Every structure is written in structure tokens, then in C-alpha cells.
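First up is the structure itself, then whatever we jot down about it.
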Amino acid sequence: MFKADHPPYGIDFPGNVSTGRFSNGFNPADFLAQKLGFEKSPPPFLAIANQSVSLKQQIVNGVNFASGGAGLLDGTKFGSVVTLSQQIQQFQTVRANLTQLLGEAEAESFMNKSIVAISAGSTDIAMEFVRTQAPPTPEFITTLRDAYEGHLKTLYSLGARKFGIASVPAIGCVPLMRAANDTGGCSEVLNGYPQSFYSAIEPMLQNLSTELVGMKYSLGNAYQMMMSYFNKPSPSGPTELQTACCGRGKFNGQQLCDGNATVCEDRDKYFFWDLFHPTRATAALAIDAFYSGSPEFVTPINLQQLIEDN
């Protein structure tokens with residue numbers, strides 16, 4: 001099973017701890033929490049379920065429901081995961097906790113102002129590509145879009161009004177896919193999936209924000225962000241764009257990042273940490289673009305504007 005609760009994952013995390021993050025250090029959620037002014041990164045829902053995090057702390061630092069390997073579709077499971085539907089059930093539990101602490105009116109106001117950040121779809125797409133080895137069909141993209149819309153409507157019914165949504169990046173360019181390509185290039189077939197997916201969810205979100213009173217959103221085009229950086233990398237940022245920092249084989253993309261893997265020394269110069277996931281440095285760049293980026297990367301407003309929009 002693909003896990004990240006062991007070294008060298010977390011090699012650059014405070015305390016050199018393997019937390020389960022698929023990164024050498026902080027991931028995008030951590031950097032987003034910093035942008036939002038949280039004292040700490042949001043604790044996982046499990047910490048709430050076992051009562052190690054108080055109701056007050058949930059308000060101060062938010063809550064993280066993410067489960068690596070989950071998808072938009074309940075049938076998408078890479079390993080033992082908490083499905084997105086189950087994550088929303090956990091969200092409902094937190095909503096009830098807030099009502100208990102604040103009262104219904106104040107809890108509703110709190111939820112309306114909160115940012116619900118979602119990054120989903122990569123696992124669904126990857127598994128469909130593995131199954132078909134073919135370009136995306138309209139039927140598959142429509143199924144993903146409809147599932148996304150259903151999840152957003154459920155969250156809206158629970159009081160969520162502000163959504164920060166990251167689309168699927170250019171996963172055809174990850175080291176795993178380069179290693180599988182005789183040319184060492186990106187898989188253009190796989191890269192067609194995130195482009196088609198973005199083209200489907202952009203109008204869906206526009207329509208949904210008209211239908212649902214008070215709904216506001218910021219949609220980050222992760223594919224465009226990634227390809228734009230590949231075309232013009234920053235000298236002060238990651239410059240190794242093909243080979244993973246941690247792994248083995250061609251592009252370090254043929255074996256998992258584990259105790260036997262090769263690990264690079266200058267990790268902030270690598271775009272990819274393992275065969276699929278970004279480094280800490282890349283995660284920071286992505287959140288910067290999402291938070292304050294131009295309409296080329298985020299629409300209709302960036303995340304900072306979403307936060308400030310009352």
C-alpha cells in the first residue's frame with residue numbers, strides 16, 4: 001500500500017517527522033493555513049473524533065478532512081481511504097459541534113465565512129487512465145463533473161458558502177509517467193484528462209454560483225499553473241522538473257520513496273518529491289499562485305479576494 005508515514009517522508013517537516021503527508025515537508029494545505037493566518041495547520045478529523053482537539057481549537061485552526069487516494073467517486077479508492085462522501089459526513093459532525101458551541105445563528109454565520117478548500121479528481125482520472133489507456137470519454141468527464149456538483153450542493157446545505165477549488169494538475173508529466181514513456185516525455189493522453197475536466201467544472205461552478213444564493217468560489221487552474229512554470233521556471237525555485245527527489249529507477253519514478261530510495265540533497269530545487277507528488281517548494285509556489293494569482297491561473301477571483309469578499 002502507498003503510505004507516507006515513514007522516512008524519508010517528512011525529512012524537512014518540523015521535527016523531521018513522517019506525518020503521512022506525501023511530501024518532504026509542508027504540503028499545500030499547510031501553506032494555505034499560513035496564508036489564512038492560522039497558528040497551526042488544521043488538525044485531521046480523527047483528532048476531533050478521539051477528542052484530542054477541543055471544539056475551540058476547531059474554530060481557531062480549522063479542520064482537515066483529506067484522505068490520500070480518495071476521489072470524487074465513491075468507487076475510487078487507492079488503498080484504504082475515507083471517501084469524499086464520508087469526508088462530508090465528517091464535515092457534518094464538525095458543523096454540529098460548532099452549533100453546540102456557538103448556537104445555531106452564530107454557527108451558520110461562521111460557516112458562511114469559512115473557506116472550504118477542495119482538491120479532488122486526480123485519483124479518479126489516474127485510475128480511469130490505467131483502466132482504459134485511452135483519452136477521456138465525454139461520459140467519464142460528465143460523471144466526474146456531476147459528482148463534484150453533488151458534493152458541493154451537500155456542503156452548501158450544511159452552511160458552506162466560500163469554496164476554494166483546485167483543479168487537477170498535469171499528472172501526465174509526473175516522474176511515474178515519464179518513466180513509463182519511451183521518450184521520457186509527458187503522457188499527452190493522460191494530460192488530456194485534466195484539461196477536459198477543467199473545461200467541464202468551470203461552467204458548472206459558474207452555473208452553481210448563480211443557482212445557490214451566496215455561493216462564491218475561487219477556481220485554481222492547476223494544469224495551467226504547472227505547465228506555465230515548466231515553460232518558464234524561476235531560477236530561485238525548483239529547476240529539476242522531471243526527476244523526483246526521492247525514488248529509484250528512471251526519473252526516480254519506477255519505485256516508491258522508502259528507506260531504500262535515493263534522496264536528493266537540494267530538495268527545494270526539485271519540483272517532484274516522489275513519483276507523483278510535489279516537494280515542499282512546489283507546494284508553496286502553487287499556493288502563492290492560488291492565493292494571489294492572475295486570472296490566467298485562478299478565476300473568477302483569487303483566493304485572497306474570496307477571503308476578503310464579504
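For the C-alpha cells, the naming scheme is as follows: chains receive sequential letters (A, B, ...) according to their order of presentation, residues are indexed from 1 within each chain, and ligands are indexed from 1 in presentation order.
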
List every residue of segment 89-266 of chain A that DSSP, applied to the backbone of this structure, assigns to strand (DSSP E or B), and report them as a PyMOL selection string. chain A and resi 115-119+162-166+216-220+240+246-248+255+262-263

Write the residues of the preceding selection, restricted to C-alpha atoms, as a tab-separated table (two decimals), in the first residue's frame.
chain	number	residue	atom	x	y	z
A	115	ILE	CA	-13.21	28.71	3.32
A	116	VAL	CA	-13.87	25.16	2.19
A	117	ALA	CA	-10.77	24.12	0.23
A	118	ILE	CA	-11.08	21.12	-2.09
A	119	SER	CA	-8.56	19.39	-4.33
A	162	LYS	CA	-17.00	30.03	0.07
A	163	PHE	CA	-15.19	27.35	-1.92
A	164	GLY	CA	-11.52	27.30	-2.88
A	165	ILE	CA	-11.23	24.65	-5.58
A	166	ALA	CA	-8.02	23.39	-7.13
A	216	LYS	CA	-18.74	32.21	-4.04
A	217	TYR	CA	-15.71	30.37	-5.32
A	218	SER	CA	-12.14	30.58	-6.50
A	219	LEU	CA	-11.12	28.01	-9.12
A	220	GLY	CA	-7.41	27.40	-9.49
A	240	GLU	CA	14.71	19.98	-11.77
A	246	CYS	CA	13.06	10.52	-3.78
A	247	GLY	CA	12.73	7.20	-5.60
A	248	ARG	CA	14.60	4.74	-7.80
A	255	GLN	CA	9.97	2.65	-7.32
A	262	THR	CA	17.72	7.61	-3.48
A	263	VAL	CA	17.06	11.01	-1.88

Run DSSP on the backbone and tell me which residues of segment 30-263 of chain A come out as alpha helix (DSSP H); list them as a ChimeraX atom specification. /A:30-35,45-49,55-61,84-102,104-113,122-132,138-157,175-180,188-211,222-231

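Among the candidates A:Met226, A:Val17, A:Leu152, A:Leu144, the residue lying nearest to Thr282 of chain A is A:Met226 (atoms considered: only C-alpha atoms).
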
Contacts of Gly25 of chain A at 9 Å or less, counting only C-alpha atoms, minus same-chain residues fewer than 6 places along, as number ranges by chain? A: 9-14, 16-18, 279-281

Selected residues, N, CA, C and O atoms, written as a compact mmCIF listing (two decimals), in the first residue's frame, please.
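Done, and the output landed in selection-v4.txt:
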# COMPACT_ATOMS: atom_id res chain seq x y z
N TYR A 9 9.79 10.42 3.99
CA TYR A 9 8.72 11.42 4.03
C TYR A 9 8.85 12.23 5.31
O TYR A 9 9.12 11.68 6.38
N GLY A 10 8.67 13.55 5.19
CA GLY A 10 8.77 14.42 6.36
C GLY A 10 10.19 14.80 6.73
O GLY A 10 10.40 15.38 7.80
N ILE A 11 11.15 14.54 5.87
CA ILE A 11 12.55 14.82 6.19
C ILE A 11 12.78 16.30 6.48
O ILE A 11 13.68 16.65 7.25
N ASP A 12 11.96 17.18 5.88
CA ASP A 12 12.09 18.61 6.10
C ASP A 12 10.92 19.18 6.89
O ASP A 12 10.78 20.41 7.01
N PHE A 13 10.08 18.31 7.44
CA PHE A 13 8.98 18.76 8.29
C PHE A 13 9.55 19.12 9.66
O PHE A 13 10.51 18.51 10.11
N PRO A 14 8.98 20.13 10.34
CA PRO A 14 9.48 20.47 11.68
C PRO A 14 9.57 19.24 12.58
O PRO A 14 8.61 18.49 12.73
N ASN A 16 11.44 16.74 11.84
CA ASN A 16 11.79 15.60 10.98
C ASN A 16 10.84 14.43 11.22
O ASN A 16 11.26 13.29 11.44
N VAL A 17 9.53 14.74 11.16
CA VAL A 17 8.50 13.75 11.47
C VAL A 17 7.77 13.31 10.20
O VAL A 17 7.39 14.13 9.37
N SER A 18 7.59 12.01 10.06
CA SER A 18 6.78 11.47 8.96
C SER A 18 5.33 11.48 9.40
O SER A 18 4.90 10.63 10.18
N THR A 279 7.23 18.60 -4.16
CA THR A 279 8.03 18.92 -2.98
C THR A 279 7.37 20.06 -2.20
O THR A 279 6.42 20.69 -2.65
N ARG A 280 7.94 20.30 -1.04
CA ARG A 280 7.51 21.44 -0.23
C ARG A 280 7.62 22.74 -1.01
O ARG A 280 6.72 23.59 -0.96
N ALA A 281 8.71 22.90 -1.75
CA ALA A 281 8.94 24.14 -2.51
C ALA A 281 7.86 24.33 -3.58
O ALA A 281 7.36 25.44 -3.79

Close residues, Thr143 of chain A itself excluded, 12 Å, only C-alpha atoms, min 4 positions apart in chain, as an mmCIF file with C-alpha atoms, in the first residue's frame:
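That gives us out19.cif:
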data_model
loop_
_atom_site.group_PDB
_atom_site.id
_atom_site.type_symbol
_atom_site.label_atom_id
_atom_site.label_comp_id
_atom_site.auth_asym_id
_atom_site.auth_seq_id
_atom_site.Cartn_x
_atom_site.Cartn_y
_atom_site.Cartn_z
ATOM 1 C CA LEU A 72 -14.778 12.335 -6.294
ATOM 2 C CA LEU A 73 -16.452 8.997 -6.945
ATOM 3 C CA ASP A 74 -17.103 6.695 -4.006
ATOM 4 C CA GLY A 121 -10.183 14.343 -9.165
ATOM 5 C CA ASP A 124 -10.319 9.240 -10.320
ATOM 6 C CA ILE A 125 -8.537 10.289 -13.502
ATOM 7 C CA GLU A 128 -9.581 5.600 -15.297
ATOM 8 C CA PRO A 136 -11.112 10.670 -21.689
ATOM 9 C CA THR A 137 -14.641 9.976 -22.851
ATOM 10 C CA PRO A 138 -17.341 12.649 -22.504
ATOM 11 C CA GLU A 139 -19.297 10.203 -20.353
ATOM 12 C CA ALA A 147 -20.352 14.001 -8.715
ATOM 13 C CA TYR A 148 -18.481 17.211 -7.911
ATOM 14 C CA GLU A 149 -21.659 19.253 -8.250
ATOM 15 C CA GLY A 150 -23.491 16.909 -5.907
ATOM 16 C CA PHE A 197 -12.104 18.088 -16.539
ATOM 17 C CA ALA A 200 -16.331 20.777 -17.517
ATOM 18 C CA ILE A 201 -16.173 22.149 -13.968
#

When distances are computed from only C-alpha atoms, which of A:Asn27, A:Asn310, A:Gln92, A:Asn207 shows the smallest separation from His277 of chain A?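 Closest to His277 of chain A of all the choices is A:Asn27.
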